[in-house]
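Student: Data file final.txt (compact mmCIF, C-alpha atoms) is appended below.
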# COMPACT_ATOMS: atom_id res chain seq x y z
CA MET A 1 -8.50 33.96 55.43
CA GLN A 2 -9.65 32.70 58.82
CA TYR A 3 -7.11 31.10 61.16
CA VAL A 4 -8.10 28.34 63.57
CA THR A 5 -6.18 27.19 66.62
CA SER A 6 -8.24 24.24 67.84
CA THR A 7 -10.41 21.39 66.60
CA GLU A 8 -13.41 22.87 68.40
CA GLN A 9 -12.98 26.22 66.69
CA LEU A 10 -12.74 24.53 63.31
CA ALA A 11 -15.87 22.46 63.97
CA GLU A 12 -17.84 25.60 64.83
CA LEU A 13 -16.56 27.32 61.70
CA VAL A 14 -17.56 24.38 59.50
CA ARG A 15 -21.08 24.42 60.95
CA SER A 16 -21.44 28.14 60.21
CA GLN A 17 -19.89 28.32 56.73
CA ALA A 18 -21.38 27.30 53.37
CA ARG A 19 -17.94 26.44 51.93
CA VAL A 20 -14.74 25.48 53.75
CA ARG A 21 -11.48 25.09 51.87
CA VAL A 22 -8.35 24.62 53.93
CA ALA A 23 -4.69 25.50 53.51
CA GLY A 24 -1.70 24.61 55.65
CA GLY A 25 1.75 25.82 54.65
CA GLY A 26 0.58 27.02 51.22
CA THR A 27 3.30 25.04 49.42
CA LYS A 28 0.86 23.37 47.01
CA SER A 29 -0.90 26.29 45.36
CA ALA A 30 -3.04 24.18 43.01
CA THR A 31 -4.76 22.45 45.91
CA SER A 32 -5.12 25.48 48.20
CA ARG A 33 -5.87 28.35 45.80
CA LEU A 34 -9.51 28.59 46.97
CA ALA A 35 -8.69 28.29 50.67
CA ASN A 36 -10.60 30.45 53.13
CA VAL A 37 -9.40 28.70 56.29
CA SER A 38 -5.80 28.28 57.44
CA LEU A 39 -4.53 25.55 59.79
CA SER A 40 -1.04 27.06 60.02
CA ARG A 41 -1.66 28.04 63.67
CA LEU A 42 -3.02 24.61 64.56
CA SER A 43 0.52 23.44 65.15
CA GLY A 44 2.63 21.47 67.58
CA VAL A 45 3.73 17.97 68.54
CA LEU A 46 1.34 16.57 71.13
CA GLN A 47 3.15 13.32 71.93
CA TYR A 48 6.40 11.65 70.88
CA ASP A 49 7.44 8.22 72.15
CA PRO A 50 10.85 7.32 70.67
CA GLU A 51 10.80 3.87 72.29
CA GLU A 52 7.46 3.05 70.63
CA TYR A 53 8.46 4.79 67.38
CA THR A 54 5.29 6.91 67.22
CA PHE A 55 4.33 10.57 67.42
CA THR A 56 1.11 12.59 67.37
CA ALA A 57 0.99 16.15 66.06
CA LEU A 58 -1.53 18.77 65.01
CA ALA A 59 -2.21 18.98 61.28
CA GLY A 60 -0.66 22.41 60.79
CA THR A 61 2.71 21.31 62.21
CA ARG A 62 5.50 21.89 59.72
CA LEU A 63 7.41 18.88 58.49
CA GLU A 64 10.62 20.72 59.32
CA GLU A 65 9.71 20.60 63.02
CA ILE A 66 8.86 16.90 62.80
CA ASP A 67 12.09 16.15 60.93
CA ARG A 68 14.20 18.00 63.48
CA LEU A 69 12.52 16.20 66.39
CA LEU A 70 12.97 12.75 64.85
CA ARG A 71 16.59 13.41 63.92
CA SER A 72 17.36 14.20 67.55
CA LYS A 73 16.53 10.55 68.30
CA SER A 74 18.08 9.13 65.10
CA GLN A 75 14.66 8.36 63.67
CA TYR A 76 12.88 9.39 60.45
CA LEU A 77 9.81 9.07 58.23
CA PRO A 78 10.89 6.59 55.53
CA PHE A 79 8.29 7.75 53.00
CA ASP A 80 10.52 10.79 52.50
CA PRO A 81 7.97 13.65 52.65
CA PRO A 82 8.62 16.42 50.08
CA LEU A 83 8.82 20.20 50.46
CA ILE A 84 10.18 20.22 54.00
CA GLU A 85 12.27 23.36 53.43
CA ALA A 86 9.41 25.05 51.58
CA GLY A 87 7.21 24.84 54.69
CA ALA A 88 4.89 21.90 53.99
CA THR A 89 2.72 20.74 56.88
CA LEU A 90 1.83 17.29 58.14
CA GLY A 91 -1.85 17.61 57.27
CA GLY A 92 -1.17 18.99 53.81
CA THR A 93 1.18 16.12 53.06
CA VAL A 94 -1.46 13.55 54.00
CA ALA A 95 -4.27 15.36 52.17
CA ALA A 96 -2.21 15.57 48.98
CA GLY A 97 -0.93 12.01 49.39
CA LEU A 98 2.66 13.12 48.91
CA SER A 99 5.57 10.75 49.39
CA GLY A 100 9.10 11.22 48.14
CA SER A 101 11.50 8.89 46.39
CA GLY A 102 12.04 6.98 49.64
CA ARG A 103 8.64 5.31 49.40
CA LEU A 104 10.19 2.70 47.08
CA ARG A 105 11.41 0.42 49.88
CA TYR A 106 9.05 0.96 52.80
CA GLY A 107 5.86 2.34 51.25
CA GLY A 108 4.16 5.71 51.10
CA VAL A 109 2.57 8.08 53.59
CA ARG A 110 -0.52 5.84 53.98
CA ASP A 111 1.69 3.02 55.29
CA PHE A 112 2.87 5.13 58.24
CA LEU A 113 -0.37 6.87 59.21
CA LEU A 114 -1.85 5.23 62.32
CA GLY A 115 -4.60 7.56 63.42
CA ALA A 116 -6.38 10.82 62.71
CA ARG A 117 -8.80 13.29 64.22
CA LEU A 118 -10.99 15.17 61.75
CA VAL A 119 -13.95 17.45 61.39
CA THR A 120 -16.67 16.32 58.97
CA GLY A 121 -18.83 18.50 56.74
CA LEU A 122 -21.51 18.34 59.42
CA GLY A 123 -19.16 19.97 61.92
CA GLU A 124 -18.77 16.75 63.88
CA THR A 125 -15.43 15.67 65.35
CA VAL A 126 -14.33 12.10 64.60
CA THR A 127 -11.33 10.27 66.05
CA THR A 128 -10.26 7.20 64.12
CA GLY A 129 -7.35 4.78 64.06
CA SER A 130 -4.91 4.39 66.92
CA LYS A 131 -1.90 5.91 68.62
CA VAL A 132 -0.05 2.60 68.75
CA VAL A 133 1.35 0.40 65.99
CA LYS A 134 -0.78 -2.60 67.02
CA ASN A 135 -4.34 -1.75 66.13
CA ALA A 136 -7.75 -3.43 66.17
CA ALA A 137 -9.14 -5.07 63.06
CA GLY A 138 -11.64 -3.21 60.90
CA LEU A 139 -11.77 -0.43 58.33
CA ASP A 140 -8.50 1.50 58.36
CA PHE A 141 -10.29 4.82 57.99
CA PRO A 142 -7.26 7.14 58.39
CA LYS A 143 -5.78 5.81 55.14
CA LEU A 144 -8.85 7.06 53.26
CA MET A 145 -7.69 10.59 54.07
CA VAL A 146 -4.45 10.11 52.13
CA GLY A 147 -4.71 11.93 48.80
CA SER A 148 -8.32 12.97 49.46
CA LEU A 149 -7.54 16.72 49.38
CA GLY A 150 -9.97 17.13 52.24
CA LYS A 151 -13.07 15.90 50.44
CA PHE A 152 -14.06 13.66 53.40
CA GLY A 153 -13.14 16.01 56.22
CA VAL A 154 -10.52 18.36 57.62
CA MET A 155 -7.79 16.61 59.58
CA THR A 156 -6.70 18.34 62.78
CA GLU A 157 -4.53 15.71 64.49
CA LEU A 158 -2.41 12.87 63.09
CA THR A 159 -0.46 9.94 64.52
CA PHE A 160 2.43 8.32 62.65
CA LYS A 161 4.84 5.48 63.16
CA VAL A 162 8.52 6.12 62.41
CA PHE A 163 11.66 4.07 61.77
CA PRO A 164 15.27 4.16 62.99
CA ALA A 165 17.36 6.26 60.63
CA PRO A 166 19.89 4.33 58.49
CA GLN A 167 23.51 4.52 59.57
CA SER A 168 24.75 5.30 56.07
CA CYS A 169 23.50 6.03 52.54
CA ALA A 170 25.04 6.07 49.09
CA THR A 171 23.72 7.09 45.68
CA ILE A 172 24.73 5.41 42.45
CA VAL A 173 24.45 7.69 39.40
CA LEU A 174 24.14 5.84 36.09
CA ASP A 175 24.37 7.51 32.69
CA THR A 176 22.47 5.87 29.83
CA GLU A 177 22.63 6.28 26.06
CA HIS A 178 18.92 6.35 25.28
CA LEU A 179 15.52 6.13 26.92
CA ALA A 180 14.87 2.46 26.18
CA GLN A 181 18.15 1.52 27.88
CA ALA A 182 17.34 3.71 30.88
CA VAL A 183 13.93 2.11 31.30
CA GLU A 184 15.36 -1.41 31.07
CA ILE A 185 18.05 -0.65 33.67
CA MET A 186 15.44 0.86 35.97
CA LYS A 187 13.21 -2.20 35.60
CA SER A 188 16.13 -4.55 36.30
CA LEU A 189 17.15 -2.63 39.41
CA ALA A 190 13.55 -2.44 40.64
CA ILE A 191 13.14 -6.24 40.68
CA SER A 192 16.65 -6.95 41.99
CA GLN A 193 17.37 -8.13 45.54
CA LEU A 194 19.43 -5.05 46.36
CA ASP A 195 16.78 -3.44 48.61
CA LEU A 196 17.14 -0.02 47.01
CA ALA A 197 15.90 2.91 49.09
CA CYS A 198 15.24 5.11 46.03
CA LEU A 199 15.21 4.60 42.27
CA ASP A 200 14.62 7.64 40.03
CA MET A 201 15.34 8.82 36.50
CA ASP A 202 15.68 12.46 35.45
CA SER A 203 15.11 14.31 32.17
CA SER A 204 18.64 13.52 30.93
CA ARG A 205 17.90 9.77 31.24
CA ARG A 206 20.27 9.58 34.20
CA ILE A 207 19.35 6.94 36.80
CA TRP A 208 19.67 7.69 40.51
CA ALA A 209 19.70 4.62 42.76
CA ARG A 210 20.12 4.90 46.53
CA VAL A 211 21.07 2.26 49.08
CA ALA A 212 20.85 2.66 52.86
CA GLY A 213 21.79 0.68 55.95
CA ILE A 214 24.98 -0.33 57.77
CA ARG A 215 27.99 1.45 56.26
CA GLU A 216 29.93 -1.69 55.31
CA ALA A 217 26.88 -3.25 53.67
CA VAL A 218 26.04 -0.01 51.85
CA GLU A 219 29.48 0.09 50.22
CA LEU A 220 29.14 -3.49 48.97
CA ARG A 221 25.58 -2.99 47.70
CA ALA A 222 26.57 0.19 45.88
CA GLN A 223 29.24 -1.78 44.00
CA ARG A 224 26.68 -4.48 43.18
CA VAL A 225 24.36 -1.85 41.70
CA LEU A 226 27.19 -0.67 39.48
CA GLN A 227 27.92 -4.22 38.36
CA LEU A 228 24.28 -4.95 37.60
CA ALA A 229 24.10 -1.76 35.51
CA GLY A 230 27.21 -2.62 33.51
CA GLY A 231 29.82 -0.85 35.61
CA ARG A 232 29.27 2.62 34.16
CA GLY A 233 28.48 5.20 36.82
CA THR A 234 29.65 7.02 39.93
CA ILE A 235 28.92 6.64 43.65
CA LEU A 236 28.01 9.59 45.86
CA THR A 237 28.34 9.33 49.65
CA ASP A 238 27.92 11.44 52.77
CA GLN A 239 27.03 15.10 52.04
CA GLN A 240 26.86 14.62 48.28
CA ASP A 241 24.33 11.85 48.76
CA ALA A 242 22.27 13.90 51.23
CA ASP A 243 22.30 17.03 49.04
CA THR A 244 21.16 15.01 46.02
CA TRP A 245 17.95 13.79 47.61
CA GLN A 246 17.28 17.02 49.45
CA ALA A 247 17.24 18.83 46.09
CA CYS A 248 14.94 16.12 44.76
CA ARG A 249 12.50 16.46 47.69
CA GLU A 250 12.34 20.23 47.22
CA PHE A 251 11.74 19.94 43.44
CA ARG A 252 14.63 22.26 42.65
CA TRP A 253 14.69 20.84 39.13
CA VAL A 254 11.33 22.50 38.35
CA PRO A 255 11.98 25.74 36.37
CA ASP A 256 10.34 29.03 37.23
CA GLU A 257 6.91 29.64 35.71
CA HIS A 258 6.17 25.91 35.63
CA SER A 259 3.50 23.96 37.48
CA LEU A 260 4.20 20.69 39.26
CA ILE A 261 2.09 17.65 38.41
CA LYS A 262 2.09 14.23 40.08
CA VAL A 263 1.20 11.41 37.67
CA VAL A 264 0.57 7.74 38.43
CA ILE A 265 2.18 5.59 35.72
CA THR A 266 3.59 2.13 35.02
CA PRO A 267 7.02 1.39 33.49
CA ASP A 268 5.50 0.57 30.09
CA ARG A 269 3.97 4.08 29.93
CA ILE A 270 7.22 5.94 30.58
CA ALA A 271 8.26 6.16 26.91
CA PRO A 272 4.83 7.27 25.57
CA LEU A 273 4.52 9.88 28.33
CA ILE A 274 7.96 11.34 27.72
CA ALA A 275 7.37 11.41 23.96
CA ALA A 276 4.14 13.35 24.50
CA LEU A 277 5.86 15.88 26.77
CA GLU A 278 8.15 17.13 23.98
CA ASN A 279 11.30 17.73 26.06
CA LEU A 280 9.59 19.20 29.10
CA PRO A 281 11.36 18.63 32.46
CA TYR A 282 10.29 15.52 34.36
CA ARG A 283 11.43 13.03 36.96
CA ILE A 284 10.40 9.39 37.04
CA SER A 285 10.32 7.98 40.57
CA VAL A 286 9.49 4.88 42.64
CA GLY A 287 11.09 2.54 40.12
CA GLY A 288 8.94 3.77 37.25
CA HIS A 289 5.54 3.98 38.95
CA LEU A 290 5.33 7.72 39.57
CA ALA A 291 6.14 10.73 37.38
CA TRP A 292 6.65 14.34 38.41
CA LEU A 293 6.07 16.77 35.52
CA ALA A 294 6.99 20.44 35.13
CA TRP A 295 4.28 21.98 32.96
CA PRO A 296 4.69 25.56 31.59
CA ARG A 297 2.07 27.81 33.14
CA LEU A 298 1.46 29.53 29.81
CA ARG A 299 0.37 26.28 28.17
CA SER A 300 -3.21 25.07 28.34
CA SER A 301 -4.18 22.81 31.22
CA GLN A 302 -6.58 21.06 28.84
CA GLU A 303 -3.66 20.01 26.67
CA LEU A 304 -2.01 18.10 29.51
CA ASP A 305 -5.38 16.71 30.61
CA GLN A 306 -5.90 15.27 27.11
CA ILE A 307 -2.41 13.74 27.04
CA LEU A 308 -2.96 12.00 30.35
CA HIS A 309 -6.44 10.81 29.39
CA LYS A 310 -5.05 9.28 26.22
CA LEU A 311 -2.39 7.40 28.21
CA GLY A 312 -4.88 6.34 30.90
CA CYS A 313 -2.91 8.11 33.65
CA PRO A 314 -4.54 9.80 36.67
CA ALA A 315 -2.78 12.90 37.99
CA VAL A 316 -2.97 15.68 40.56
CA ALA A 317 -1.81 19.25 39.99
CA LEU A 318 0.16 20.46 43.00
CA MET A 319 1.43 23.87 41.92
CA GLY A 320 -0.03 26.44 39.56
CA GLU A 321 -3.58 27.51 38.75
CA TRP A 322 -5.90 24.74 37.54
CA PRO A 323 -9.70 24.53 37.23
CA SER A 324 -9.47 21.38 39.37
CA PRO A 325 -6.46 19.70 40.99
CA TRP A 326 -7.61 16.38 39.53
CA ILE A 327 -6.57 15.92 35.92
CA GLY A 328 -6.08 12.96 33.62
CA ASP A 329 -7.89 9.64 33.71
CA HIS A 330 -9.85 9.39 36.97
CA GLN A 331 -12.42 6.62 37.19
CA GLU A 332 -15.80 6.86 38.90
CA ASN A 333 -15.68 5.51 42.44
CA VAL A 334 -19.03 4.59 44.00
CA PHE A 335 -17.54 3.85 47.42
CA GLU A 336 -15.96 7.30 47.48
CA GLN A 337 -19.24 8.95 46.54
CA ARG A 338 -20.96 7.19 49.43
CA LEU A 339 -18.30 8.41 51.85
CA VAL A 340 -18.79 11.99 50.68
CA MET A 341 -22.56 11.66 51.09
CA ALA A 342 -22.09 10.39 54.65
CA LEU A 343 -19.36 12.79 55.77
CA ASP A 344 -20.04 15.91 53.71
CA PRO A 345 -23.62 15.75 52.39
CA ASN A 346 -23.73 19.51 51.75
CA ASN A 347 -20.49 19.50 49.73
CA LYS A 348 -18.84 22.07 51.96
CA PHE A 349 -15.39 20.68 51.15
CA SER A 350 -15.91 20.19 47.40
CA LEU A 351 -13.14 21.36 45.06
CA SER A 352 -15.33 20.81 41.98
CA GLN A 353 -13.46 17.62 41.19
CA PRO A 354 -14.70 15.19 38.56
CA ALA A 355 -16.79 12.31 39.83
CA GLY A 356 -14.65 9.72 41.55
CA ALA A 357 -11.46 11.74 41.19
Now, as a test, write the supplied structure out as structure tokens.
Tutor:
Amino acid sequence: MQYVTSTEQLAELVRSQARVRVAGGGTKSATSRLANVSLSRLSGVLQYDPEEYTFTALAGTRLEEIDRLLRSKSQYLPFDPPLIEAGATLGGTVAAGLSGSGRLRYGGVRDFLLGARLVTGLGETVTTGSKVVKNAAGLDFPKLMVGSLGKFGVMTELTFKVFPAPQSCATIVLDTEHLAQAVEIMKSLAISQLDLACLDMDSSRRIWARVAGIREAVELRAQRVLQLAGGRGTILTDQQDADTWQACREFRWVPDEHSLIKVVITPDRIAPLIAALENLPYRISVGGHLAWLAWPRLRSSQELDQILHKLGCPAVALMGEWPSPWIGDHQENVFEQRLVMALDPNNKFSLSQPAGA
């Protein structure tokens, strides 16, 4: 493993190497298992302007450092980045396109990324986007890096916008009798005017709805969620609320010897997906549009790939050993192929993904 400490050093390394695969904090083993370059020492916050609600940091900066800095000014990243305690980095989060349950209300990581500096497969340094919220019109290139797993280039510097942290939060826990009821309640809550911050469902068909804002308003909205769901449930506040979503962000529900898979779904595919999983642990998030799966490492990766293909669901393996991180139903993308040809014509960053994955 080679460690880099600057953009210039990385650019020189890319020019001299036939293959470059990058790791940050190493929290997503399925996407970094072939890594020969580490950005963990390319770390630090370069600029933070609390009054403008923006910061710029190097790609290897740990999310824990970012979180601590923002909290000191009562600010946060609303897309709720996962694996903070595990040691995830800013660049790895963008490359994997990871957002937590909090993306429901304000959007995902791509909605908060303003600018990026990256090294292409030709060893050239490119700066794109902006360091301010107001930006010029044109192609929003930094957003193409979200979920790319580095296929277009290696990010070394990132600029984000942030939000003021909510004064108070509360979580409403709703027990349901069967899956169809749980899905219907989730769909009703998702289209309601309650401005939910999070809306998840776990393997026991329990719904977790979170509200955030001014304390008085949060209490009233929590009661309205209960009423809309039929009045059966409990409300968690303060530390209980915080601990609930911290455990969710760290994927503590994933058993040992299981891989973690991120699957893009729609509410009408929840029931078929769960039926195909045969009682494996899962968590449905973002109001029914994202599924996290715990897949036993002893079971064939091809089996899950076939299940997801049949359902028409694209997915990314985040933890475990997989022939390719991209699994499931990925469609061919001509625009993406052209970007790769322009930015990495020698396929130095290739992870042997399927075409258009």
Student: Just give me the gap between atom CA of Leu46 of chain A and atom CA of Phe160 of chain A in Å, one decimal is fine.
Tutor: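 These atoms are spaced 11.9 Å apart.
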Student: How many Å separate atom CA of Ala116 of chain A from atom CA of Lys151 of chain A?
Tutor: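 Between atom CA of Ala116 of chain A and atom CA of Lys151 of chain A the gap is 14.9 Å.
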Student: Find the residues near segment 328-340 of chain A: any atom within 12 Å, counting all atoms listed in the file, skip ones fewer than 2 places away on the same chain, and give them as a PDB file with C-alpha atoms, in the coordinates of the input.
Tutor:
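Saved result, result-v3.pdb, follows:
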ATOM      1  CA  THR A 120     -16.670  16.320  58.970  1.00  0.00           C
ATOM      2  CA  GLY A 121     -18.830  18.500  56.740  1.00  0.00           C
ATOM      3  CA  LEU A 122     -21.510  18.340  59.420  1.00  0.00           C
ATOM      4  CA  PHE A 141     -10.290   4.820  57.990  1.00  0.00           C
ATOM      5  CA  LEU A 144      -8.850   7.060  53.260  1.00  0.00           C
ATOM      6  CA  MET A 145      -7.690  10.590  54.070  1.00  0.00           C
ATOM      7  CA  SER A 148      -8.320  12.970  49.460  1.00  0.00           C
ATOM      8  CA  GLY A 150      -9.970  17.130  52.240  1.00  0.00           C
ATOM      9  CA  LYS A 151     -13.070  15.900  50.440  1.00  0.00           C
ATOM     10  CA  PHE A 152     -14.060  13.660  53.400  1.00  0.00           C
ATOM     11  CA  GLY A 153     -13.140  16.010  56.220  1.00  0.00           C
ATOM     12  CA  ILE A 261       2.090  17.650  38.410  1.00  0.00           C
ATOM     13  CA  LYS A 262       2.090  14.230  40.080  1.00  0.00           C
ATOM     14  CA  VAL A 263       1.200  11.410  37.670  1.00  0.00           C
ATOM     15  CA  VAL A 264       0.570   7.740  38.430  1.00  0.00           C
ATOM     16  CA  ILE A 265       2.180   5.590  35.720  1.00  0.00           C
ATOM     17  CA  SER A 301      -4.180  22.810  31.220  1.00  0.00           C
ATOM     18  CA  GLN A 302      -6.580  21.060  28.840  1.00  0.00           C
ATOM     19  CA  GLU A 303      -3.660  20.010  26.670  1.00  0.00           C
ATOM     20  CA  LEU A 304      -2.010  18.100  29.510  1.00  0.00           C
ATOM     21  CA  ASP A 305      -5.380  16.710  30.610  1.00  0.00           C
ATOM     22  CA  GLN A 306      -5.900  15.270  27.110  1.00  0.00           C
ATOM     23  CA  ILE A 307      -2.410  13.740  27.040  1.00  0.00           C
ATOM     24  CA  LEU A 308      -2.960  12.000  30.350  1.00  0.00           C
ATOM     25  CA  HIS A 309      -6.440  10.810  29.390  1.00  0.00           C
ATOM     26  CA  LYS A 310      -5.050   9.280  26.220  1.00  0.00           C
ATOM     27  CA  LEU A 311      -2.390   7.400  28.210  1.00  0.00           C
ATOM     28  CA  GLY A 312      -4.880   6.340  30.900  1.00  0.00           C
ATOM     29  CA  CYS A 313      -2.910   8.110  33.650  1.00  0.00           C
ATOM     30  CA  PRO A 314      -4.540   9.800  36.670  1.00  0.00           C
ATOM     31  CA  ALA A 315      -2.780  12.900  37.990  1.00  0.00           C
ATOM     32  CA  VAL A 316      -2.970  15.680  40.560  1.00  0.00           C
ATOM     33  CA  ALA A 317      -1.810  19.250  39.990  1.00  0.00           C
ATOM     34  CA  SER A 324      -9.470  21.380  39.370  1.00  0.00           C
ATOM     35  CA  PRO A 325      -6.460  19.700  40.990  1.00  0.00           C
ATOM     36  CA  TRP A 326      -7.610  16.380  39.530  1.00  0.00           C
ATOM     37  CA  ALA A 342     -22.090  10.390  54.650  1.00  0.00           C
ATOM     38  CA  LEU A 343     -19.360  12.790  55.770  1.00  0.00           C
ATOM     39  CA  ASP A 344     -20.040  15.910  53.710  1.00  0.00           C
ATOM     40  CA  PRO A 345     -23.620  15.750  52.390  1.00  0.00           C
ATOM     41  CA  ASN A 346     -23.730  19.510  51.750  1.00  0.00           C
ATOM     42  CA  ASN A 347     -20.490  19.500  49.730  1.00  0.00           C
ATOM     43  CA  LYS A 348     -18.840  22.070  51.960  1.00  0.00           C
ATOM     44  CA  PHE A 349     -15.390  20.680  51.150  1.00  0.00           C
ATOM     45  CA  SER A 350     -15.910  20.190  47.400  1.00  0.00           C
ATOM     46  CA  GLN A 353     -13.460  17.620  41.190  1.00  0.00           C
ATOM     47  CA  PRO A 354     -14.700  15.190  38.560  1.00  0.00           C
ATOM     48  CA  ALA A 355     -16.790  12.310  39.830  1.00  0.00           C
ATOM     49  CA  GLY A 356     -14.650   9.720  41.550  1.00  0.00           C
ATOM     50  CA  ALA A 357     -11.460  11.740  41.190  1.00  0.00           C
TER      51      ALA A 357
END
Student: From the set A:Ser99, A:Ser74, A:Thr5, A:Ser16, which residue has the shortest atom-to-atom contact distance to Thr156 of chain A, counting all atoms listed in the file?
Tutor: A:Thr5
Student: Considering all atoms listed in the file, return as a PyMOL selection string whatever protein or nucleic-acid residues lie within 10 Å of Asp195 of chain A, sequence-local ones (same chain, fewer than 5 positions apart) excluded.
Tutor: chain A and resi 104-106+189-190+210-213+221
Student: Is it possible to get the residues within 9 Å of (-10.0, 30.9, 57.8) (coordinates as in the file, counting all atoms listed in the file) written as a PyMOL selection string?
Tutor: chain A and resi 1-4+10+13+20-23+35-39
Student: Can you measure atom CA of Arg206 of chain A to atom CA of Ala182 of chain A for me? One decimal in Å is fine.
Tutor: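 Between these atoms lies a distance of 7.4 Å.
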